[in-house]
>>> print(open('data.pdb').read())   # PDB, C-alpha atoms
MODEL        1
ATOM      1  CA  MET A   1       0.000   0.000   0.000
ATOM      2  CA  LYS A   2       0.883   3.655  -0.198
ATOM      3  CA  ILE A   3       0.354   4.967   3.336
ATOM      4  CA  LEU A   4       0.422   8.520   4.660
ATOM      5  CA  VAL A   5       1.807   8.744   8.198
ATOM      6  CA  THR A   6       1.334  12.170   9.741
ATOM      7  CA  GLY A   7       3.650  12.974  12.631
ATOM      8  CA  ALA A   8       6.303  10.774  11.000
ATOM      9  CA  ALA A   9       9.132  12.571  12.831
ATOM     10  CA  GLY A  10       7.344  11.970  16.124
ATOM     11  CA  PHE A  11       7.905   9.235  18.674
ATOM     12  CA  ILE A  12       5.220   6.759  17.560
ATOM     13  CA  GLY A  13       5.299   7.959  13.945
ATOM     14  CA  MET A  14       8.949   7.027  13.455
ATOM     15  CA  HIS A  15       8.540   3.546  14.952
ATOM     16  CA  LEU A  16       5.406   2.924  12.887
ATOM     17  CA  SER A  17       6.988   4.151   9.648
ATOM     18  CA  LEU A  18       9.955   1.811  10.156
ATOM     19  CA  ARG A  19       7.601  -1.157  10.599
ATOM     20  CA  LEU A  20       5.526  -0.255   7.547
ATOM     21  CA  LEU A  21       8.640   0.155   5.392
ATOM     22  CA  ALA A  22       9.983  -3.195   6.616
ATOM     23  CA  ALA A  23       6.672  -4.767   5.546
ATOM     24  CA  GLY A  24       7.153  -3.425   2.013
ATOM     25  CA  HIS A  25       4.731  -0.504   2.049
ATOM     26  CA  VAL A  26       5.428   2.868   0.453
ATOM     27  CA  VAL A  27       5.341   5.468   3.240
ATOM     28  CA  VAL A  28       4.795   9.186   2.777
ATOM     29  CA  GLY A  29       5.701  10.978   6.002
ATOM     30  CA  LEU A  30       4.342  14.360   7.044
ATOM     31  CA  ASP A  31       5.476  16.510   9.948
ATOM     32  CA  ASN A  32       5.702  20.246  10.679
ATOM     33  CA  LEU A  33       8.868  19.785  12.808
ATOM     34  CA  ASN A  34       7.620  22.339  15.337
ATOM     35  CA  ASP A  35       9.676  23.306  18.378
ATOM     36  CA  TYR A  36       7.305  22.016  21.082
ATOM     37  CA  TYR A  37      10.334  19.904  22.017
ATOM     38  CA  ASP A  38      13.879  19.385  20.693
ATOM     39  CA  VAL A  39      13.781  19.605  16.883
ATOM     40  CA  ALA A  40      17.161  17.828  16.680
ATOM     41  CA  LEU A  41      15.531  14.701  18.135
ATOM     42  CA  LYS A  42      12.799  14.871  15.490
ATOM     43  CA  LYS A  43      15.378  15.248  12.733
ATOM     44  CA  ALA A  44      17.366  12.313  14.113
ATOM     45  CA  ARG A  45      14.233  10.167  13.965
ATOM     46  CA  LEU A  46      13.583  11.344  10.421
ATOM     47  CA  ALA A  47      17.142  10.448   9.425
ATOM     48  CA  ARG A  48      16.391   6.816  10.304
ATOM     49  CA  LEU A  49      13.618   6.801   7.701
ATOM     50  CA  GLU A  50      15.049   8.843   4.873
ATOM     51  CA  HIS A  51      17.668   6.294   3.778
ATOM     52  CA  ASP A  52      14.809   4.056   2.559
ATOM     53  CA  ASN A  53      13.842   4.881  -1.024
ATOM     54  CA  GLN A  54      10.271   3.793  -0.280
ATOM     55  CA  PHE A  55       9.947   6.772   2.091
ATOM     56  CA  ALA A  56       9.218  10.372   1.106
ATOM     57  CA  PHE A  57       8.906  13.309   3.498
ATOM     58  CA  HIS A  58       6.841  16.494   3.354
ATOM     59  CA  GLN A  59       7.169  19.292   5.905
ATOM     60  CA  ILE A  60       3.600  20.553   6.134
ATOM     61  CA  ASP A  61       1.454  21.741   9.031
ATOM     62  CA  LEU A  62      -1.901  19.976   9.333
ATOM     63  CA  SER A  63      -3.597  23.366   9.674
ATOM     64  CA  ASP A  64      -2.269  24.427   6.241
ATOM     65  CA  ARG A  65      -5.387  23.786   4.180
ATOM     66  CA  ALA A  66      -3.819  24.478   0.785
ATOM     67  CA  GLY A  67      -0.759  22.376   1.594
ATOM     68  CA  MET A  68      -2.871  19.443   2.742
ATOM     69  CA  GLU A  69      -5.153  19.661  -0.299
ATOM     70  CA  ALA A  70      -2.125  19.662  -2.606
ATOM     71  CA  LEU A  71      -0.597  16.641  -0.858
ATOM     72  CA  PHE A  72      -3.754  14.533  -1.169
ATOM     73  CA  ALA A  73      -4.220  15.621  -4.795
ATOM     74  CA  ALA A  74      -0.640  14.663  -5.700
ATOM     75  CA  GLU A  75      -0.681  11.241  -4.012
ATOM     76  CA  ALA A  76      -3.125   8.355  -4.146
ATOM     77  CA  PHE A  77      -3.101   7.055  -0.562
ATOM     78  CA  ASP A  78      -4.583   3.658   0.188
ATOM     79  CA  CYS A  79      -4.505   4.322   3.915
ATOM     80  CA  VAL A  80      -3.925   7.370   6.113
ATOM     81  CA  ILE A  81      -2.607   7.083   9.675
ATOM     82  CA  ASN A  82      -2.934  10.374  11.551
ATOM     83  CA  LEU A  83      -0.513  10.567  14.472
ATOM     84  CA  ALA A  84       0.259  14.285  14.137
ATOM     85  CA  ALA A  85      -1.203  16.378  16.928
ATOM     86  CA  GLN A  86      -0.293  18.962  19.479
ATOM     87  CA  ALA A  87       0.480  16.617  22.342
ATOM     88  CA  GLY A  88       0.525  17.008  26.108
ATOM     89  CA  VAL A  89      -2.274  17.495  28.622
ATOM     90  CA  ARG A  90      -0.531  20.149  30.714
ATOM     91  CA  TYR A  91       0.618  22.243  27.735
ATOM     92  CA  SER A  92      -3.013  22.520  26.559
ATOM     93  CA  ILE A  93      -3.785  24.661  29.612
ATOM     94  CA  GLU A  94      -1.136  27.208  28.562
ATOM     95  CA  ASN A  95      -1.578  27.108  24.776
ATOM     96  CA  PRO A  96      -5.169  26.158  23.918
ATOM     97  CA  HIS A  97      -5.178  27.664  20.412
ATOM     98  CA  SER A  98      -2.390  25.391  19.182
ATOM     99  CA  TYR A  99      -4.529  22.362  20.102
ATOM    100  CA  VAL A 100      -7.527  23.508  18.092
ATOM    101  CA  ASP A 101      -5.332  24.459  15.101
ATOM    102  CA  SER A 102      -3.655  21.033  14.957
ATOM    103  CA  ASN A 103      -6.083  18.608  16.552
ATOM    104  CA  VAL A 104      -9.385  19.993  15.233
ATOM    105  CA  THR A 105      -8.756  22.139  12.132
ATOM    106  CA  GLY A 106      -5.868  19.895  11.069
ATOM    107  CA  PHE A 107      -7.971  16.777  11.544
ATOM    108  CA  LEU A 108     -10.721  18.284   9.384
ATOM    109  CA  HIS A 109      -8.161  18.676   6.592
ATOM    110  CA  ILE A 110      -7.263  14.988   6.976
ATOM    111  CA  LEU A 111     -10.917  13.970   6.766
ATOM    112  CA  GLU A 112     -11.526  16.135   3.712
ATOM    113  CA  GLY A 113      -8.457  14.734   1.981
ATOM    114  CA  CYS A 114      -9.635  11.179   2.625
ATOM    115  CA  ARG A 115     -13.153  11.991   1.448
ATOM    116  CA  HIS A 116     -12.187  13.662  -1.832
ATOM    117  CA  HIS A 117      -9.451  11.200  -2.801
ATOM    118  CA  ASN A 118     -11.071   7.845  -2.055
ATOM    119  CA  VAL A 119      -8.795   6.779   0.792
ATOM    120  CA  GLY A 120      -9.721   3.253   1.829
ATOM    121  CA  HIS A 121      -9.079   3.555   5.578
ATOM    122  CA  LEU A 122      -8.325   6.332   8.052
ATOM    123  CA  ILE A 123      -6.638   5.333  11.307
ATOM    124  CA  TYR A 124      -6.134   8.121  13.826
ATOM    125  CA  ALA A 125      -4.718   8.595  17.296
ATOM    126  CA  SER A 126      -7.191   9.337  20.039
ATOM    127  CA  SER A 127      -6.201   9.131  23.707
ATOM    128  CA  SER A 128      -7.080   7.625  27.065
ATOM    129  CA  SER A 129      -7.554  11.277  28.085
ATOM    130  CA  VAL A 130     -11.069  11.128  26.605
ATOM    131  CA  TYR A 131     -12.198   9.123  29.668
ATOM    132  CA  GLY A 132     -11.688  12.240  31.818
ATOM    133  CA  LEU A 133     -13.584  12.198  35.098
ATOM    134  CA  ASP A 134     -14.851   8.659  34.573
ATOM    135  CA  GLU A 135     -13.432   6.302  37.207
ATOM    136  CA  ALA A 136     -15.132   3.055  36.123
ATOM    137  CA  MET A 137     -12.187   0.798  35.344
ATOM    138  CA  PRO A 138     -10.910  -0.863  33.326
ATOM    139  CA  PHE A 139     -11.919   1.718  30.742
ATOM    140  CA  SER A 140     -14.141   0.230  28.047
ATOM    141  CA  GLU A 141     -14.733   1.776  24.631
ATOM    142  CA  ALA A 142     -18.464   1.419  25.288
ATOM    143  CA  GLN A 143     -18.584   3.842  28.209
ATOM    144  CA  SER A 144     -19.280   7.562  28.139
ATOM    145  CA  THR A 145     -16.476  10.021  27.382
ATOM    146  CA  ASP A 146     -18.371  13.243  28.037
ATOM    147  CA  HIS A 147     -16.269  14.711  30.866
ATOM    148  CA  PRO A 148     -12.753  15.601  29.637
ATOM    149  CA  MET A 149     -10.354  17.017  32.224
ATOM    150  CA  ALA A 150      -8.497  19.328  29.825
ATOM    151  CA  LEU A 151      -8.698  20.690  26.279
ATOM    152  CA  TYR A 152      -6.326  18.016  24.954
ATOM    153  CA  GLY A 153      -8.828  15.276  25.828
ATOM    154  CA  ALA A 154     -11.665  17.390  24.457
ATOM    155  CA  THR A 155      -9.928  17.708  21.079
ATOM    156  CA  LYS A 156      -9.407  13.944  20.922
ATOM    157  CA  LYS A 157     -13.083  13.388  21.720
ATOM    158  CA  ALA A 158     -13.867  15.861  18.925
ATOM    159  CA  ASN A 159     -11.747  13.787  16.530
ATOM    160  CA  GLU A 160     -13.822  10.700  17.286
ATOM    161  CA  MET A 161     -17.092  12.556  16.686
ATOM    162  CA  MET A 162     -15.803  14.187  13.491
ATOM    163  CA  ALA A 163     -14.637  10.805  12.196
ATOM    164  CA  HIS A 164     -18.042   9.278  12.852
ATOM    165  CA  SER A 165     -19.767  12.017  10.882
ATOM    166  CA  TYR A 166     -17.563  11.260   7.861
ATOM    167  CA  SER A 167     -18.112   7.515   8.247
ATOM    168  CA  ASN A 168     -21.839   8.260   8.193
ATOM    169  CA  LEU A 169     -21.948  10.836   5.392
ATOM    170  CA  TYR A 170     -19.332   9.433   3.034
ATOM    171  CA  GLY A 171     -18.844   5.792   4.042
ATOM    172  CA  LEU A 172     -15.218   6.481   5.028
ATOM    173  CA  PRO A 173     -13.885   3.630   7.208
ATOM    174  CA  THR A 174     -12.389   5.280  10.313
ATOM    175  CA  THR A 175     -10.586   3.604  13.207
ATOM    176  CA  GLY A 176      -9.780   5.627  16.336
ATOM    177  CA  LEU A 177      -7.142   4.395  18.774
ATOM    178  CA  ARG A 178      -7.131   5.454  22.406
ATOM    179  CA  PHE A 179      -3.456   5.248  23.388
ATOM    180  CA  PHE A 180      -2.547   4.690  27.039
ATOM    181  CA  THR A 181       0.685   6.383  28.310
ATOM    182  CA  VAL A 182       3.069   5.323  25.556
ATOM    183  CA  TYR A 183       6.781   5.057  26.390
ATOM    184  CA  GLY A 184       9.954   3.596  24.915
ATOM    185  CA  PRO A 185      13.138   4.415  22.950
ATOM    186  CA  TRP A 186      13.078   7.704  21.012
ATOM    187  CA  GLY A 187      10.312   8.920  23.341
ATOM    188  CA  ARG A 188       9.152  12.490  23.919
ATOM    189  CA  PRO A 189      11.299  14.661  26.228
ATOM    190  CA  ASP A 190       8.182  16.029  27.984
ATOM    191  CA  MET A 191       7.092  12.574  29.167
ATOM    192  CA  ALA A 192       7.766  11.288  32.674
ATOM    193  CA  LEU A 193      10.251   8.540  31.721
ATOM    194  CA  PHE A 194      12.454  10.974  29.792
ATOM    195  CA  LEU A 195      12.261  13.618  32.537
ATOM    196  CA  PHE A 196      13.020  11.090  35.278
ATOM    197  CA  THR A 197      15.992   9.599  33.440
ATOM    198  CA  LYS A 198      17.532  12.958  32.566
ATOM    199  CA  ALA A 199      17.195  14.288  36.123
ATOM    200  CA  ILE A 200      18.468  11.149  37.873
ATOM    201  CA  LEU A 201      21.570  10.955  35.669
ATOM    202  CA  ALA A 202      22.244  14.647  36.372
ATOM    203  CA  GLY A 203      21.862  14.137  40.141
ATOM    204  CA  GLU A 204      18.803  16.392  40.163
ATOM    205  CA  PRO A 205      15.500  15.724  41.943
ATOM    206  CA  ILE A 206      12.509  14.298  40.087
ATOM    207  CA  GLN A 207       9.027  15.716  40.592
ATOM    208  CA  ILE A 208       6.404  13.152  41.548
ATOM    209  CA  PHE A 209       2.846  14.448  41.320
ATOM    210  CA  ASN A 210      -0.092  13.678  43.589
ATOM    211  CA  HIS A 211       2.547  12.585  46.124
ATOM    212  CA  GLY A 212       3.080   9.406  44.113
ATOM    213  CA  GLN A 213      -0.533   8.288  44.388
ATOM    214  CA  MET A 214      -0.973   7.729  40.648
ATOM    215  CA  VAL A 215      -1.547   4.629  38.542
ATOM    216  CA  ARG A 216      -0.911   4.430  34.803
ATOM    217  CA  ASP A 217      -1.392   1.806  32.116
ATOM    218  CA  PHE A 218       2.114   2.271  30.700
ATOM    219  CA  THR A 219       2.228   0.892  27.139
ATOM    220  CA  PHE A 220       5.453   0.102  25.282
ATOM    221  CA  VAL A 221       5.731   1.725  21.854
ATOM    222  CA  ASP A 222       6.321  -1.569  19.998
ATOM    223  CA  ASP A 223       2.953  -2.819  21.257
ATOM    224  CA  ILE A 224       1.240   0.338  19.991
ATOM    225  CA  VAL A 225       2.869  -0.124  16.576
ATOM    226  CA  GLU A 226       1.919  -3.811  16.395
ATOM    227  CA  GLY A 227      -1.716  -2.906  17.006
ATOM    228  CA  ILE A 228      -1.700  -0.225  14.301
ATOM    229  CA  VAL A 229       0.014  -2.437  11.739
ATOM    230  CA  ARG A 230      -2.596  -5.163  12.218
ATOM    231  CA  LEU A 231      -5.419  -2.632  11.873
ATOM    232  CA  VAL A 232      -4.072  -1.349   8.532
ATOM    233  CA  ASP A 233      -5.272  -4.566   6.909
ATOM    234  CA  LYS A 234      -8.625  -4.600   8.670
ATOM    235  CA  PRO A 235     -10.611  -1.401   8.028
ATOM    236  CA  ALA A 236     -13.475  -0.435  10.286
ATOM    237  CA  ALA A 237     -16.801  -2.056   9.435
ATOM    238  CA  PRO A 238     -20.373  -1.519  10.624
ATOM    239  CA  ALA A 239     -21.210  -3.462  13.778
ATOM    240  CA  PRO A 240     -24.074  -5.862  12.946
ATOM    241  CA  ASP A 241     -25.270  -5.859  16.561
ATOM    242  CA  PHE A 242     -25.232  -2.052  16.999
ATOM    243  CA  ASN A 243     -28.329  -0.987  18.934
ATOM    244  CA  ALA A 244     -29.346   2.576  18.096
ATOM    245  CA  ALA A 245     -31.750   2.622  21.053
ATOM    246  CA  GLN A 246     -28.844   1.939  23.409
ATOM    247  CA  PRO A 247     -25.790   3.075  21.440
ATOM    248  CA  ASP A 248     -22.320   1.806  22.247
ATOM    249  CA  SER A 249     -19.762   4.644  22.097
ATOM    250  CA  GLY A 250     -17.073   2.523  20.424
ATOM    251  CA  LEU A 251     -19.218   1.002  17.670
ATOM    252  CA  SER A 252     -21.649   2.138  14.992
ATOM    253  CA  SER A 253     -23.953   1.001  12.219
ATOM    254  CA  LYS A 254     -21.450   2.889  10.039
ATOM    255  CA  PRO A 255     -17.832   1.853   9.208
ATOM    256  CA  TYR A 256     -16.490   3.292  12.454
ATOM    257  CA  ARG A 257     -14.552   1.662  15.300
ATOM    258  CA  ILE A 258     -12.793   2.811  18.452
ATOM    259  CA  PHE A 259     -10.167   0.667  20.199
ATOM    260  CA  ASN A 260      -8.168   1.034  23.386
ATOM    261  CA  ILE A 261      -4.474   0.201  23.048
ATOM    262  CA  GLY A 262      -3.021  -0.235  26.509
ATOM    263  CA  ASN A 263      -0.978  -2.768  28.435
ATOM    264  CA  SER A 264      -3.898  -3.706  30.717
ATOM    265  CA  GLN A 265      -1.399  -3.884  33.594
ATOM    266  CA  PRO A 266      -1.925  -0.651  35.554
ATOM    267  CA  THR A 267       1.272   0.227  37.388
ATOM    268  CA  PRO A 268       1.617   2.478  40.446
ATOM    269  CA  LEU A 269       3.778   5.482  39.630
ATOM    270  CA  MET A 270       6.233   4.618  42.407
ATOM    271  CA  ASP A 271       6.784   1.160  40.864
ATOM    272  CA  TYR A 272       7.564   2.904  37.575
ATOM    273  CA  VAL A 273      10.094   5.123  39.370
ATOM    274  CA  THR A 274      11.659   2.017  40.921
ATOM    275  CA  ALA A 275      11.990   0.440  37.467
ATOM    276  CA  VAL A 276      13.878   3.542  36.285
ATOM    277  CA  GLU A 277      16.141   3.478  39.360
ATOM    278  CA  ASP A 278      16.873  -0.226  38.862
ATOM    279  CA  ALA A 279      17.708   0.211  35.177
ATOM    280  CA  LEU A 280      20.014   3.155  35.923
ATOM    281  CA  GLY A 281      21.495   1.716  39.105
ATOM    282  CA  ILE A 282      20.896   5.077  40.810
ATOM    283  CA  GLU A 283      18.373   6.038  43.472
ATOM    284  CA  ALA A 284      16.322   9.112  42.588
ATOM    285  CA  ILE A 285      16.085  12.250  44.713
ATOM    286  CA  LYS A 286      12.318  12.601  44.998
ATOM    287  CA  GLU A 287      10.245  15.766  45.345
ATOM    288  CA  PHE A 288       6.595  15.005  46.014
ATOM    289  CA  GLN A 289       4.162  17.504  44.513
ATOM    290  CA  PRO A 290       0.369  17.991  44.567
ATOM    291  CA  MET A 291      -1.821  16.860  41.671
ATOM    292  CA  GLN A 292      -1.485  18.951  38.529
ATOM    293  CA  ALA A 293      -4.500  20.574  36.898
ATOM    294  CA  GLY A 294      -6.068  18.433  34.165
ATOM    295  CA  ASP A 295      -4.417  15.207  35.335
ATOM    296  CA  VAL A 296      -6.168  11.977  36.337
ATOM    297  CA  LYS A 297      -5.257   9.641  39.183
ATOM    298  CA  ALA A 298      -5.459   6.367  37.290
ATOM    299  CA  THR A 299      -5.845   4.719  33.875
ATOM    300  CA  ASN A 300      -6.507   1.101  32.976
ATOM    301  CA  ALA A 301      -7.391  -0.212  29.508
ATOM    302  CA  ASP A 302      -9.774  -2.991  28.593
ATOM    303  CA  THR A 303      -8.297  -4.170  25.273
ATOM    304  CA  SER A 304     -10.573  -7.144  24.639
ATOM    305  CA  ARG A 305     -12.130  -5.506  21.568
ATOM    306  CA  LEU A 306      -8.737  -4.974  19.940
ATOM    307  CA  ASP A 307      -7.854  -8.595  20.683
ATOM    308  CA  ASP A 308     -11.152  -9.805  19.187
ATOM    309  CA  TRP A 309     -10.698  -7.648  16.063
ATOM    310  CA  VAL A 310      -7.035  -8.291  15.181
ATOM    311  CA  GLY A 311      -5.872 -11.002  17.593
ATOM    312  CA  PHE A 312      -3.390  -8.883  19.516
ATOM    313  CA  LYS A 313      -3.009  -7.819  23.131
ATOM    314  CA  PRO A 314      -0.138  -5.535  24.283
ATOM    315  CA  ASN A 315       2.023  -7.393  26.806
ATOM    316  CA  THR A 316       5.491  -5.839  27.280
ATOM    317  CA  PRO A 317       6.302  -5.747  31.028
ATOM    318  CA  VAL A 318       7.094  -2.267  32.366
ATOM    319  CA  LYS A 319      10.453  -3.358  33.780
ATOM    320  CA  GLU A 320      11.561  -4.635  30.360
ATOM    321  CA  GLY A 321      10.268  -1.593  28.483
ATOM    322  CA  VAL A 322      11.923   0.879  30.854
ATOM    323  CA  ALA A 323      15.266  -0.961  30.568
ATOM    324  CA  ARG A 324      15.063  -0.737  26.776
ATOM    325  CA  PHE A 325      14.419   3.001  26.990
ATOM    326  CA  ILE A 326      17.366   3.518  29.357
ATOM    327  CA  ALA A 327      19.676   1.585  27.014
ATOM    328  CA  TRP A 328      18.584   3.806  24.109
ATOM    329  CA  TYR A 329      18.950   6.986  26.190
ATOM    330  CA  ARG A 330      22.515   6.141  27.257
ATOM    331  CA  GLU A 331      23.501   5.378  23.665
ATOM    332  CA  TYR A 332      21.786   8.381  22.076
ATOM    333  CA  TYR A 333      23.071  10.929  24.600
ATOM    334  CA  HIS A 334      26.427   9.186  25.175
ATOM    335  CA  VAL A 335      25.817   8.930  28.916
TER     336      VAL A 335
ENDMDL
END
>>> encode(input="data.pdb", output="structure tokens")
Amino acid sequence: MKILVTGAAGFIGMHLSLRLLAAGHVVVGLDNLNDYYDVALKKARLARLEHDNQFAFHQIDLSDRAGMEALFAAEAFDCVINLAAQAGVRYSIENPHSYVDSNVTGFLHILEGCRHHNVGHLIYASSSSVYGLDEAMPFSEAQSTDHPMALYGATKKANEMMAHSYSNLYGLPTTGLRFFTVYGPWGRPDMALFLFTKAILAGEPIQIFNHGQMVRDFTFVDDIVEGIVRLVDKPAAPAPDFNAAQPDSGLSSKPYRIFNIGNSQPTPLMDYVTAVEDALGIEAIKEFQPMQAGDVKATNADTSRLDDWVGFKPNTPVKEGVARFIAWYREYYHV
């Protein structure tokens, strides 16, 4: 297939593009290379892809309507995987406009491109953040997602609703993926694992929010990629048992599906810190902080629908995944 991967210079986008190229697909990568975090890291990821002659890169912002229209008109994509977004829950409190530009307006441009150019399947990143205030765990795709804690989660919820409207109006198969706390080599510098590792190696304290009373369904990046790759070959389809009188949020009578991708092994934050300390062989200096605005205390994914649909369940143990990140970090930064 010819596949568009937006956010190709990003953490998940790079790993996914490598897998797709290895499987023989033609990959067109898109990224705006913004400076939300270290651009050199993004360019280093991109360098891993650009030596493959089946890969082509375009530096375009999703919010650039003319640029996006031209890209879709010039290429005939079989599948589009939208991973580009303004990321980060906490940053959305400081910079709300950037989230709407990228995650809402930009996503509309993706949908329009797919609609007008007969794309066979749109896969897009949603987030566990859509569950918001809901504390019924494990989180199921069927439950309500009407109480986001911050604008980031609200924009991801908007993506799901926008996708459904296009599945309904134009028959576009859309698959939304609710990622749960993704980590691993080449990860984002604003994520906890990166921040913890950098601080511990520098002999600086790490900040632990909600006084350590947090639980996360930490999901290794290779598991996320495996799920996406399997979904490429299985576009969303109408659910034959969809009940419009009692609608299920993750299904539809239209070609629309939502799946959780999480490790289904919720880990206390302090156990995660211990895994980092063990992998580094250094005990962290800990500063316990109150809960941050927009954050949730716990996440836990029910991934049975993903397993039923493509026969895959994420399973990388946190201790193993953290050790693999630390090994990459030491090599990349020569520590």
>>> atom_distance(input="data.pdb", atom1="CA of Lys234 in chain A", atom2="CA of Gln265 in chain A")
26.0 Å
>>> atom_distance(input="data.pdb", atom1="CA of Leu18 in chain A", atom2="CA of Thr303 in chain A")
24.4 Å
>>> resolve_selection(input="data.pdb", expression="the PyMOL selection byres ((chain A and resi 332) around 12)", output="list in words")
Ala40, Leu41, Ala44, Arg45, Pro185, Trp186, Gly187, Phe325, Ile326, Ala327, Trp328, Tyr329, Arg330, Glu331, Tyr333, His334 and Val335 of chain A
>>> axis_aligned_box(input="data.pdb", around="range 133-149 of chain A", padding_each_side="4 Å", output="JSON")
{"center_x": -14.8, "center_y": 8.1, "center_z": 30.9, "size_x": 16.9, "size_y": 25.9, "size_z": 20.6}
>>> resolve_selection(input="data.pdb", expression="the PyMOL selection byres ((chain A and resi 23) around 12)", output="VMD selection string")
chain A and resid 1 to 3 16 to 22 24 to 27 54 226 229 to 230 232
>>> write_last_selection(input="data.pdb", atoms="C-alpha atoms", output="compact mmCIF listing (two decimals), in the frame of the given file")
# COMPACT_ATOMS: atom_id res chain seq x y z
CA MET A 1 0.00 0.00 0.00
CA LYS A 2 0.88 3.66 -0.20
CA ILE A 3 0.35 4.97 3.34
CA LEU A 16 5.41 2.92 12.89
CA SER A 17 6.99 4.15 9.65
CA LEU A 18 9.96 1.81 10.16
CA ARG A 19 7.60 -1.16 10.60
CA LEU A 20 5.53 -0.26 7.55
CA LEU A 21 8.64 0.16 5.39
CA ALA A 22 9.98 -3.20 6.62
CA GLY A 24 7.15 -3.42 2.01
CA HIS A 25 4.73 -0.50 2.05
CA VAL A 26 5.43 2.87 0.45
CA VAL A 27 5.34 5.47 3.24
CA GLN A 54 10.27 3.79 -0.28
CA GLU A 226 1.92 -3.81 16.40
CA VAL A 229 0.01 -2.44 11.74
CA ARG A 230 -2.60 -5.16 12.22
CA VAL A 232 -4.07 -1.35 8.53
>>> resolve_selection(input="data.pdb", expression="the PyMOL selection byres ((chain A and resi 237) around 6)", output="PDB file with C-alpha atoms, in the coordinates of the input")
ATOM      1  CA  ALA A 236     -13.475  -0.435  10.286  1.00  0.00           C
ATOM      2  CA  PRO A 238     -20.373  -1.519  10.624  1.00  0.00           C
ATOM      3  CA  PRO A 255     -17.832   1.853   9.208  1.00  0.00           C
TER       4      PRO A 255
END
>>> build_atoms(input="data.pdb", residues="range 111-125 of chain A", atoms="N, CA and C atoms", output="tab-separated table (two decimals), in the coordinates of the input")
chain	number	residue	atom	x	y	z
A	111	LEU	N	-9.64	14.57	7.15
A	111	LEU	CA	-10.92	13.97	6.77
A	111	LEU	C	-11.33	14.38	5.36
A	112	GLU	N	-11.16	15.65	5.04
A	112	GLU	CA	-11.53	16.14	3.71
A	112	GLU	C	-10.64	15.51	2.63
A	113	GLY	N	-9.35	15.38	2.93
A	113	GLY	CA	-8.46	14.73	1.98
A	113	GLY	C	-8.86	13.30	1.71
A	114	CYS	N	-9.20	12.57	2.77
A	114	CYS	CA	-9.64	11.18	2.62
A	114	CYS	C	-10.94	11.09	1.83
A	115	ARG	N	-11.85	11.99	2.12
A	115	ARG	CA	-13.15	11.99	1.45
A	115	ARG	C	-13.02	12.24	-0.05
A	116	HIS	N	-12.26	13.25	-0.43
A	116	HIS	CA	-12.19	13.66	-1.83
A	116	HIS	C	-11.27	12.79	-2.68
A	117	HIS	N	-10.43	11.97	-2.03
A	117	HIS	CA	-9.45	11.20	-2.80
A	117	HIS	C	-9.55	9.71	-2.54
A	118	ASN	N	-10.74	9.28	-2.12
A	118	ASN	CA	-11.07	7.84	-2.06
A	118	ASN	C	-10.08	7.02	-1.25
A	119	VAL	N	-9.66	7.54	-0.11
A	119	VAL	CA	-8.80	6.78	0.79
A	119	VAL	C	-9.60	5.62	1.39
A	120	GLY	N	-8.99	4.44	1.41
A	120	GLY	CA	-9.72	3.25	1.83
A	120	GLY	C	-9.88	3.08	3.33
A	121	HIS	N	-9.03	3.76	4.12
A	121	HIS	CA	-9.08	3.56	5.58
A	121	HIS	C	-8.33	4.70	6.26
A	122	LEU	N	-8.97	5.33	7.20
A	122	LEU	CA	-8.32	6.33	8.05
A	122	LEU	C	-8.18	5.77	9.46
A	123	ILE	N	-6.94	5.70	9.92
A	123	ILE	CA	-6.64	5.33	11.31
A	123	ILE	C	-6.10	6.59	11.98
A	124	TYR	N	-6.58	6.88	13.18
A	124	TYR	CA	-6.13	8.12	13.83
A	124	TYR	C	-5.94	7.91	15.33
A	125	ALA	N	-5.02	8.68	15.87
A	125	ALA	CA	-4.72	8.60	17.30
A	125	ALA	C	-5.74	9.38	18.10
